[in-house]
>>> print(open('coords36.tsv').read())   # TSV, N, CA and C atoms
chain	number	residue	atom	x	y	z
A	1	MET	N	1.37	-7.93	15.12
A	1	MET	CA	0.31	-7.97	14.14
A	1	MET	C	-0.77	-6.94	14.47
A	2	LYS	N	-1.11	-6.81	15.76
A	2	LYS	CA	-2.12	-5.84	16.16
A	2	LYS	C	-1.65	-4.42	15.84
A	3	ARG	N	-0.36	-4.18	16.05
A	3	ARG	CA	0.20	-2.85	15.77
A	3	ARG	C	0.11	-2.53	14.29
A	4	THR	N	0.42	-3.50	13.45
A	4	THR	CA	0.36	-3.30	12.01
A	4	THR	C	-1.08	-3.03	11.58
A	5	ALA	N	-2.01	-3.78	12.11
A	5	ALA	CA	-3.42	-3.58	11.75
A	5	ALA	C	-3.89	-2.20	12.19
A	6	ALA	N	-3.45	-1.76	13.36
A	6	ALA	CA	-3.84	-0.44	13.86
A	6	ALA	C	-3.26	0.66	12.99
A	7	ILE	N	-2.04	0.50	12.56
A	7	ILE	CA	-1.40	1.50	11.70
A	7	ILE	C	-2.09	1.55	10.34
A	8	LEU	N	-2.41	0.39	9.78
A	8	LEU	CA	-3.11	0.35	8.50
A	8	LEU	C	-4.47	1.01	8.62
A	9	LEU	N	-5.18	0.73	9.70
A	9	LEU	CA	-6.48	1.35	9.91
A	9	LEU	C	-6.35	2.85	10.02
A	10	ALA	N	-5.33	3.32	10.71
A	10	ALA	CA	-5.10	4.76	10.83
A	10	ALA	C	-4.80	5.39	9.47
A	11	LEU	N	-4.01	4.71	8.66
A	11	LEU	CA	-3.70	5.23	7.33
A	11	LEU	C	-4.94	5.31	6.46
A	12	LEU	N	-5.77	4.30	6.55
A	12	LEU	CA	-6.97	4.28	5.72
A	12	LEU	C	-8.01	5.30	6.17
A	13	THR	N	-8.04	5.59	7.45
A	13	THR	CA	-9.03	6.55	7.94
A	13	THR	C	-8.58	7.99	7.79
A	14	MET	N	-7.32	8.21	7.46
A	14	MET	CA	-6.85	9.58	7.25
A	14	MET	C	-7.58	10.24	6.09
A	15	VAL	N	-8.04	9.47	5.14
A	15	VAL	CA	-8.71	10.01	3.97
A	15	VAL	C	-10.10	10.51	4.34
A	16	GLY	N	-10.69	9.95	5.35
A	16	GLY	CA	-12.02	10.36	5.78
A	16	GLY	C	-12.95	9.16	5.77
A	17	PRO	N	-13.76	9.04	6.79
A	17	PRO	CA	-14.60	7.84	6.90
A	17	PRO	C	-15.67	7.73	5.82
A	18	ALA	N	-16.15	8.84	5.28
A	18	ALA	CA	-17.23	8.77	4.30
A	18	ALA	C	-16.72	8.77	2.86
A	19	LEU	N	-15.42	8.83	2.69
A	19	LEU	CA	-14.84	8.93	1.36
A	19	LEU	C	-14.44	7.55	0.86
A	20	ALA	N	-15.01	7.14	-0.26
A	20	ALA	CA	-14.64	5.86	-0.85
A	20	ALA	C	-13.68	6.11	-2.00
A	21	LEU	N	-12.60	5.37	-2.03
A	21	LEU	CA	-11.60	5.53	-3.09
A	21	LEU	C	-11.82	4.46	-4.15
A	22	THR	N	-11.71	4.87	-5.39
A	22	THR	CA	-11.85	3.95	-6.52
A	22	THR	C	-10.62	4.10	-7.40
A	23	VAL	N	-9.93	2.98	-7.60
A	23	VAL	CA	-8.74	3.03	-8.45
A	23	VAL	C	-9.12	2.67	-9.88
A	24	SER	N	-8.30	3.12	-10.82
A	24	SER	CA	-8.55	2.85	-12.23
A	24	SER	C	-8.27	1.38	-12.54
A	25	PRO	N	-8.84	0.89	-13.65
A	25	PRO	CA	-8.62	-0.51	-14.02
A	25	PRO	C	-7.15	-0.87	-14.26
A	26	GLN	N	-6.35	0.10	-14.66
A	26	GLN	CA	-4.93	-0.18	-14.89
A	26	GLN	C	-4.17	-0.35	-13.57
A	27	VAL	N	-4.59	0.39	-12.56
A	27	VAL	CA	-3.88	0.39	-11.28
A	27	VAL	C	-4.36	-0.71	-10.35
A	28	GLY	N	-5.65	-1.03	-10.40
A	28	GLY	CA	-6.24	-2.00	-9.48
A	28	GLY	C	-5.48	-3.31	-9.34
A	29	PRO	N	-5.23	-4.02	-10.43
A	29	PRO	CA	-4.52	-5.30	-10.31
A	29	PRO	C	-3.09	-5.15	-9.76
A	30	LEU	N	-2.43	-4.07	-10.13
A	30	LEU	CA	-1.05	-3.85	-9.64
A	30	LEU	C	-1.05	-3.60	-8.14
A	31	VAL	N	-2.01	-2.82	-7.68
A	31	VAL	CA	-2.12	-2.51	-6.25
A	31	VAL	C	-2.47	-3.78	-5.47
A	32	LYS	N	-3.38	-4.56	-6.01
A	32	LYS	CA	-3.77	-5.80	-5.34
A	32	LYS	C	-2.58	-6.76	-5.22
A	33	GLU	N	-1.81	-6.86	-6.30
A	33	GLU	CA	-0.63	-7.72	-6.27
A	33	GLU	C	0.42	-7.18	-5.29
A	34	ALA	N	0.61	-5.87	-5.27
A	34	ALA	CA	1.56	-5.26	-4.33
A	34	ALA	C	1.15	-5.56	-2.90
A	35	GLN	N	-0.14	-5.46	-2.62
A	35	GLN	CA	-0.62	-5.74	-1.27
A	35	GLN	C	-0.34	-7.19	-0.88
A	36	SER	N	-0.57	-8.11	-1.81
A	36	SER	CA	-0.28	-9.52	-1.53
A	36	SER	C	1.21	-9.74	-1.29
A	37	LEU	N	2.05	-9.07	-2.06
A	37	LEU	CA	3.49	-9.20	-1.89
A	37	LEU	C	3.95	-8.61	-0.55
A	38	ILE	N	3.34	-7.52	-0.13
A	38	ILE	CA	3.67	-6.94	1.18
A	38	ILE	C	3.32	-7.93	2.27
A	39	ASN	N	2.12	-8.50	2.18
A	39	ASN	CA	1.68	-9.45	3.20
A	39	ASN	C	2.55	-10.70	3.22
A	40	ALA	N	3.18	-11.02	2.08
A	40	ALA	CA	4.10	-12.16	2.02
A	40	ALA	C	5.54	-11.76	2.36
A	41	SER	N	5.72	-10.51	2.79
A	41	SER	CA	7.03	-9.97	3.17
A	41	SER	C	8.02	-9.92	2.00
A	42	ASN	N	7.52	-9.83	0.79
A	42	ASN	CA	8.37	-9.69	-0.39
A	42	ASN	C	8.38	-8.20	-0.75
A	43	TYR	N	9.15	-7.44	0.00
A	43	TYR	CA	9.10	-5.98	-0.07
A	43	TYR	C	9.70	-5.42	-1.37
A	44	GLU	N	10.73	-6.07	-1.89
A	44	GLU	CA	11.32	-5.59	-3.14
A	44	GLU	C	10.33	-5.72	-4.30
A	45	ALA	N	9.69	-6.85	-4.40
A	45	ALA	CA	8.71	-7.07	-5.46
A	45	ALA	C	7.51	-6.14	-5.29
A	46	ALA	N	7.10	-5.91	-4.05
A	46	ALA	CA	5.99	-5.00	-3.78
A	46	ALA	C	6.34	-3.58	-4.21
A	47	THR	N	7.56	-3.17	-3.93
A	47	THR	CA	8.01	-1.84	-4.36
A	47	THR	C	7.98	-1.73	-5.88
A	48	ALA	N	8.41	-2.77	-6.56
A	48	ALA	CA	8.40	-2.77	-8.02
A	48	ALA	C	6.97	-2.65	-8.55
A	49	LYS	N	6.02	-3.36	-7.94
A	49	LYS	CA	4.62	-3.28	-8.37
A	49	LYS	C	4.06	-1.89	-8.12
A	50	LEU	N	4.41	-1.30	-6.99
A	50	LEU	CA	3.93	0.05	-6.70
A	50	LEU	C	4.54	1.06	-7.67
A	51	ASN	N	5.78	0.84	-8.08
A	51	ASN	CA	6.39	1.70	-9.09
A	51	ASN	C	5.67	1.57	-10.43
A	52	GLU	N	5.28	0.34	-10.78
A	52	GLU	CA	4.51	0.12	-12.01
A	52	GLU	C	3.17	0.85	-11.92
A	53	ALA	N	2.50	0.71	-10.78
A	53	ALA	CA	1.20	1.37	-10.59
A	53	ALA	C	1.35	2.88	-10.66
A	54	ASP	N	2.42	3.39	-10.09
A	54	ASP	CA	2.68	4.83	-10.10
A	54	ASP	C	2.87	5.33	-11.53
A	55	ALA	N	3.46	4.52	-12.37
A	55	ALA	CA	3.73	4.91	-13.76
A	55	ALA	C	2.45	4.99	-14.60
A	56	VAL	N	1.41	4.24	-14.23
A	56	VAL	CA	0.18	4.23	-15.02
A	56	VAL	C	-1.00	4.90	-14.32
A	57	LYS	N	-0.76	5.48	-13.16
A	57	LYS	CA	-1.87	6.10	-12.42
A	57	LYS	C	-2.49	7.21	-13.26
A	58	SER	N	-3.81	7.38	-13.11
A	58	SER	CA	-4.49	8.39	-13.91
A	58	SER	C	-5.49	9.23	-13.12
A	59	THR	N	-5.70	8.89	-11.86
A	59	THR	CA	-6.66	9.64	-11.05
A	59	THR	C	-6.04	9.99	-9.70
A	60	PRO	N	-6.60	10.98	-9.03
A	60	PRO	CA	-6.13	11.29	-7.67
A	60	PRO	C	-6.32	10.11	-6.71
A	61	ASP	N	-7.39	9.33	-6.89
A	61	ASP	CA	-7.59	8.16	-6.04
A	61	ASP	C	-6.49	7.14	-6.25
A	62	ASP	N	-6.03	6.97	-7.50
A	62	ASP	CA	-4.90	6.07	-7.76
A	62	ASP	C	-3.70	6.49	-6.93
A	63	ALA	N	-3.38	7.78	-6.99
A	63	ALA	CA	-2.22	8.30	-6.27
A	63	ALA	C	-2.37	8.10	-4.76
A	64	THR	N	-3.57	8.34	-4.25
A	64	THR	CA	-3.81	8.19	-2.81
A	64	THR	C	-3.61	6.75	-2.37
A	65	VAL	N	-4.18	5.81	-3.09
A	65	VAL	CA	-4.05	4.39	-2.72
A	65	VAL	C	-2.61	3.93	-2.84
A	66	ILE	N	-1.92	4.34	-3.87
A	66	ILE	CA	-0.51	3.97	-4.04
A	66	ILE	C	0.32	4.52	-2.88
A	67	ASN	N	0.08	5.77	-2.51
A	67	ASN	CA	0.83	6.37	-1.40
A	67	ASN	C	0.51	5.68	-0.08
A	68	GLN	N	-0.74	5.31	0.14
A	68	GLN	CA	-1.09	4.59	1.37
A	68	GLN	C	-0.38	3.25	1.43
A	69	LEU	N	-0.33	2.55	0.31
A	69	LEU	CA	0.37	1.27	0.31
A	69	LEU	C	1.87	1.44	0.50
A	70	ARG	N	2.43	2.52	-0.03
A	70	ARG	CA	3.86	2.79	0.20
A	70	ARG	C	4.11	3.01	1.70
A	71	GLN	N	3.20	3.71	2.36
A	71	GLN	CA	3.34	3.93	3.81
A	71	GLN	C	3.21	2.61	4.56
A	72	TYR	N	2.26	1.79	4.17
A	72	TYR	CA	2.08	0.49	4.79
A	72	TYR	C	3.34	-0.37	4.57
A	73	LEU	N	3.89	-0.33	3.37
A	73	LEU	CA	5.12	-1.06	3.06
A	73	LEU	C	6.26	-0.58	3.96
A	74	ALA	N	6.36	0.72	4.15
A	74	ALA	CA	7.42	1.27	5.01
A	74	ALA	C	7.27	0.77	6.44
A	75	VAL	N	6.05	0.71	6.92
A	75	VAL	CA	5.82	0.24	8.28
A	75	VAL	C	6.17	-1.23	8.40
A	76	ARG	N	5.69	-2.03	7.45
A	76	ARG	CA	5.96	-3.47	7.49
A	76	ARG	C	7.45	-3.76	7.37
A	77	SER	N	8.12	-3.09	6.44
A	77	SER	CA	9.54	-3.39	6.24
A	77	SER	C	10.40	-2.85	7.36
A	78	SER	N	9.94	-1.85	8.09
A	78	SER	CA	10.73	-1.31	9.20
A	78	SER	C	10.80	-2.30	10.35
A	79	ARG	N	9.88	-3.22	10.39
A	79	ARG	CA	9.92	-4.25	11.44
A	79	ARG	C	11.17	-5.10	11.33
A	80	LEU	N	11.73	-5.20	10.12
A	80	LEU	CA	12.94	-5.99	9.93
A	80	LEU	C	14.15	-5.35	10.61
A	81	SER	N	14.15	-4.02	10.66
A	81	SER	CA	15.32	-3.32	11.20
A	81	SER	C	15.26	-3.16	12.72
A	82	GLN	N	14.14	-3.51	13.32
A	82	GLN	CA	14.01	-3.40	14.78
A	82	GLN	C	14.54	-4.65	15.44
A	83	PRO	N	15.18	-4.47	16.60
A	83	PRO	CA	15.73	-5.64	17.31
A	83	PRO	C	14.64	-6.53	17.88
>>> encode(input="coords36.tsv", output="structure tokens")
Amino acid sequence: MKRTAAILLALLTMVGPALALTVSPQVGPLVKEAQSLINASNYEAATAKLNEADAVKSTPDDATVINQLRQYLAVRSSRLSQP
């Protein structure tokens, strides 16, 4: 759990500490739901939500947040393949 939190923190700080990201109203709920699904280890459903968000994204911040969550999803789901 500590490793996951550290990786997420690193991903979020890559954008820059003073930069605040704002997602569009169409993407916000989808991203929030995807994050909840990732935390519940429902990776297939989370991927589907991120695909939906990707289809309606309209700002660079939308794309950045979606990509960060995809990276977080990759890290979380890779734990399944480790012995």
>>> closest_residue(input="coords36.tsv", among="A:Gly28, A:Leu21, A:Ala74, A:Leu37", to="Asp54 (chain A)", atoms="only C-alpha atoms")
A:Gly28
>>> closest_residue(input="coords36.tsv", among="A:Ala20, A:Ser77, A:Gln71, A:Val31", to="Glu44 (chain A)", atoms="only C-alpha atoms")
A:Ser77
>>> closest_residue(input="coords36.tsv", among="A:Gln68, A:Thr59, A:Pro29, A:Leu73", to="Thr47 (chain A)", atoms="all atoms listed in the file")
A:Leu73
>>> atom_distance(input="coords36.tsv", atom1="atom C of Thr22 (chain A)", atom2="atom N of Ser78 (chain A)")
26.4 Å
>>> residues_around(input="coords36.tsv", residues="Ile66 (chain A)", least_positions_apart="4", cutoff="8 Å", atoms="only N, CA and C atoms", output="ChimeraX atom specification")
/A:31,50,53-54,60-62,70-72
>>> closest_residue(input="coords36.tsv", among="A:Ser24, A:Gln35, A:Asn51, A:Asn42", to="Ala63 (chain A)", atoms="all atoms listed in the file")
A:Ser24
>>> atom_distance(input="coords36.tsv", atom1="CA of Asn67 (chain A)", atom2="CA of Val27 (chain A)")
12.5 Å
>>> closest_residue(input="coords36.tsv", among="A:Gln26, A:Thr64, A:Lys57, A:Arg76", to="Ser41 (chain A)", atoms="all atoms listed in the file")
A:Arg76
>>> atom_distance(input="coords36.tsv", atom1="CA of Ala45 (chain A)", atom2="CA of Leu69 (chain A)")
13.1 Å
>>> decode(input="coords36.tsv", residues="region 32-48 of chain A", atoms="N, CA, C and O atoms", output="mmCIF file, in the first residue's frame")
data_model
loop_
_atom_site.group_PDB
_atom_site.id
_atom_site.type_symbol
_atom_site.label_atom_id
_atom_site.label_comp_id
_atom_site.auth_asym_id
_atom_site.auth_seq_id
_atom_site.Cartn_x
_atom_site.Cartn_y
_atom_site.Cartn_z
ATOM 1 N N LYS A 32 -13.851 10.190 -11.632
ATOM 2 C CA LYS A 32 -14.102 9.862 -10.229
ATOM 3 C C LYS A 32 -14.563 8.409 -10.087
ATOM 4 O O LYS A 32 -14.125 7.684 -9.202
ATOM 5 N N GLU A 33 -15.454 7.992 -10.981
ATOM 6 C CA GLU A 33 -15.933 6.609 -10.946
ATOM 7 C C GLU A 33 -14.805 5.630 -11.279
ATOM 8 O O GLU A 33 -14.672 4.579 -10.646
ATOM 9 N N ALA A 34 -13.976 5.982 -12.257
ATOM 10 C CA ALA A 34 -12.839 5.123 -12.610
ATOM 11 C C ALA A 34 -11.904 4.964 -11.426
ATOM 12 O O ALA A 34 -11.413 3.865 -11.149
ATOM 13 N N GLN A 35 -11.656 6.052 -10.722
ATOM 14 C CA GLN A 35 -10.779 5.992 -9.553
ATOM 15 C C GLN A 35 -11.356 5.067 -8.486
ATOM 16 O O GLN A 35 -10.639 4.260 -7.890
ATOM 17 N N SER A 36 -12.662 5.164 -8.254
ATOM 18 C CA SER A 36 -13.307 4.272 -7.278
ATOM 19 C C SER A 36 -13.208 2.816 -7.716
ATOM 20 O O SER A 36 -12.963 1.927 -6.887
ATOM 21 N N LEU A 37 -13.387 2.563 -9.000
ATOM 22 C CA LEU A 37 -13.289 1.198 -9.514
ATOM 23 C C LEU A 37 -11.864 0.657 -9.392
ATOM 24 O O LEU A 37 -11.679 -0.521 -9.076
ATOM 25 N N ILE A 38 -10.877 1.499 -9.621
ATOM 26 C CA ILE A 38 -9.479 1.071 -9.453
ATOM 27 C C ILE A 38 -9.239 0.688 -8.003
ATOM 28 O O ILE A 38 -8.655 -0.355 -7.712
ATOM 29 N N ASN A 39 -9.694 1.540 -7.093
ATOM 30 C CA ASN A 39 -9.490 1.267 -5.666
ATOM 31 C C ASN A 39 -10.222 0.006 -5.218
ATOM 32 O O ASN A 39 -9.811 -0.637 -4.258
ATOM 33 N N ALA A 40 -11.291 -0.355 -5.935
ATOM 34 C CA ALA A 40 -12.026 -1.589 -5.633
ATOM 35 C C ALA A 40 -11.472 -2.788 -6.405
ATOM 36 O O ALA A 40 -12.041 -3.868 -6.367
ATOM 37 N N SER A 41 -10.361 -2.576 -7.112
ATOM 38 C CA SER A 41 -9.693 -3.616 -7.907
ATOM 39 C C SER A 41 -10.555 -4.134 -9.056
ATOM 40 O O SER A 41 -10.367 -5.259 -9.521
ATOM 41 N N ASN A 42 -11.468 -3.332 -9.543
ATOM 42 C CA ASN A 42 -12.288 -3.683 -10.699
ATOM 43 C C ASN A 42 -11.648 -3.008 -11.916
ATOM 44 O O ASN A 42 -12.133 -1.986 -12.413
ATOM 45 N N TYR A 43 -10.570 -3.598 -12.394
ATOM 46 C CA TYR A 43 -9.736 -2.961 -13.405
ATOM 47 C C TYR A 43 -10.390 -2.907 -14.788
ATOM 48 O O TYR A 43 -10.192 -1.945 -15.522
ATOM 49 N N GLU A 44 -11.171 -3.909 -15.126
ATOM 50 C CA GLU A 44 -11.852 -3.894 -16.427
ATOM 51 C C GLU A 44 -12.862 -2.753 -16.501
ATOM 52 O O GLU A 44 -12.929 -2.025 -17.499
ATOM 53 N N ALA A 45 -13.658 -2.607 -15.471
ATOM 54 C CA ALA A 45 -14.653 -1.537 -15.444
ATOM 55 C C ALA A 45 -13.975 -0.167 -15.401
ATOM 56 O O ALA A 45 -14.443 0.781 -16.026
ATOM 57 N N ALA A 46 -12.867 -0.068 -14.684
ATOM 58 C CA ALA A 46 -12.121 1.192 -14.618
ATOM 59 C C ALA A 46 -11.576 1.560 -15.995
ATOM 60 O O ALA A 46 -11.638 2.731 -16.405
ATOM 61 N N THR A 47 -11.078 0.574 -16.707
ATOM 62 C CA THR A 47 -10.582 0.816 -18.063
ATOM 63 C C THR A 47 -11.709 1.310 -18.963
ATOM 64 O O THR A 47 -11.526 2.246 -19.754
ATOM 65 N N ALA A 48 -12.873 0.718 -18.832
ATOM 66 C CA ALA A 48 -14.030 1.139 -19.632
ATOM 67 C C ALA A 48 -14.402 2.588 -19.320
ATOM 68 O O ALA A 48 -14.690 3.372 -20.235
#
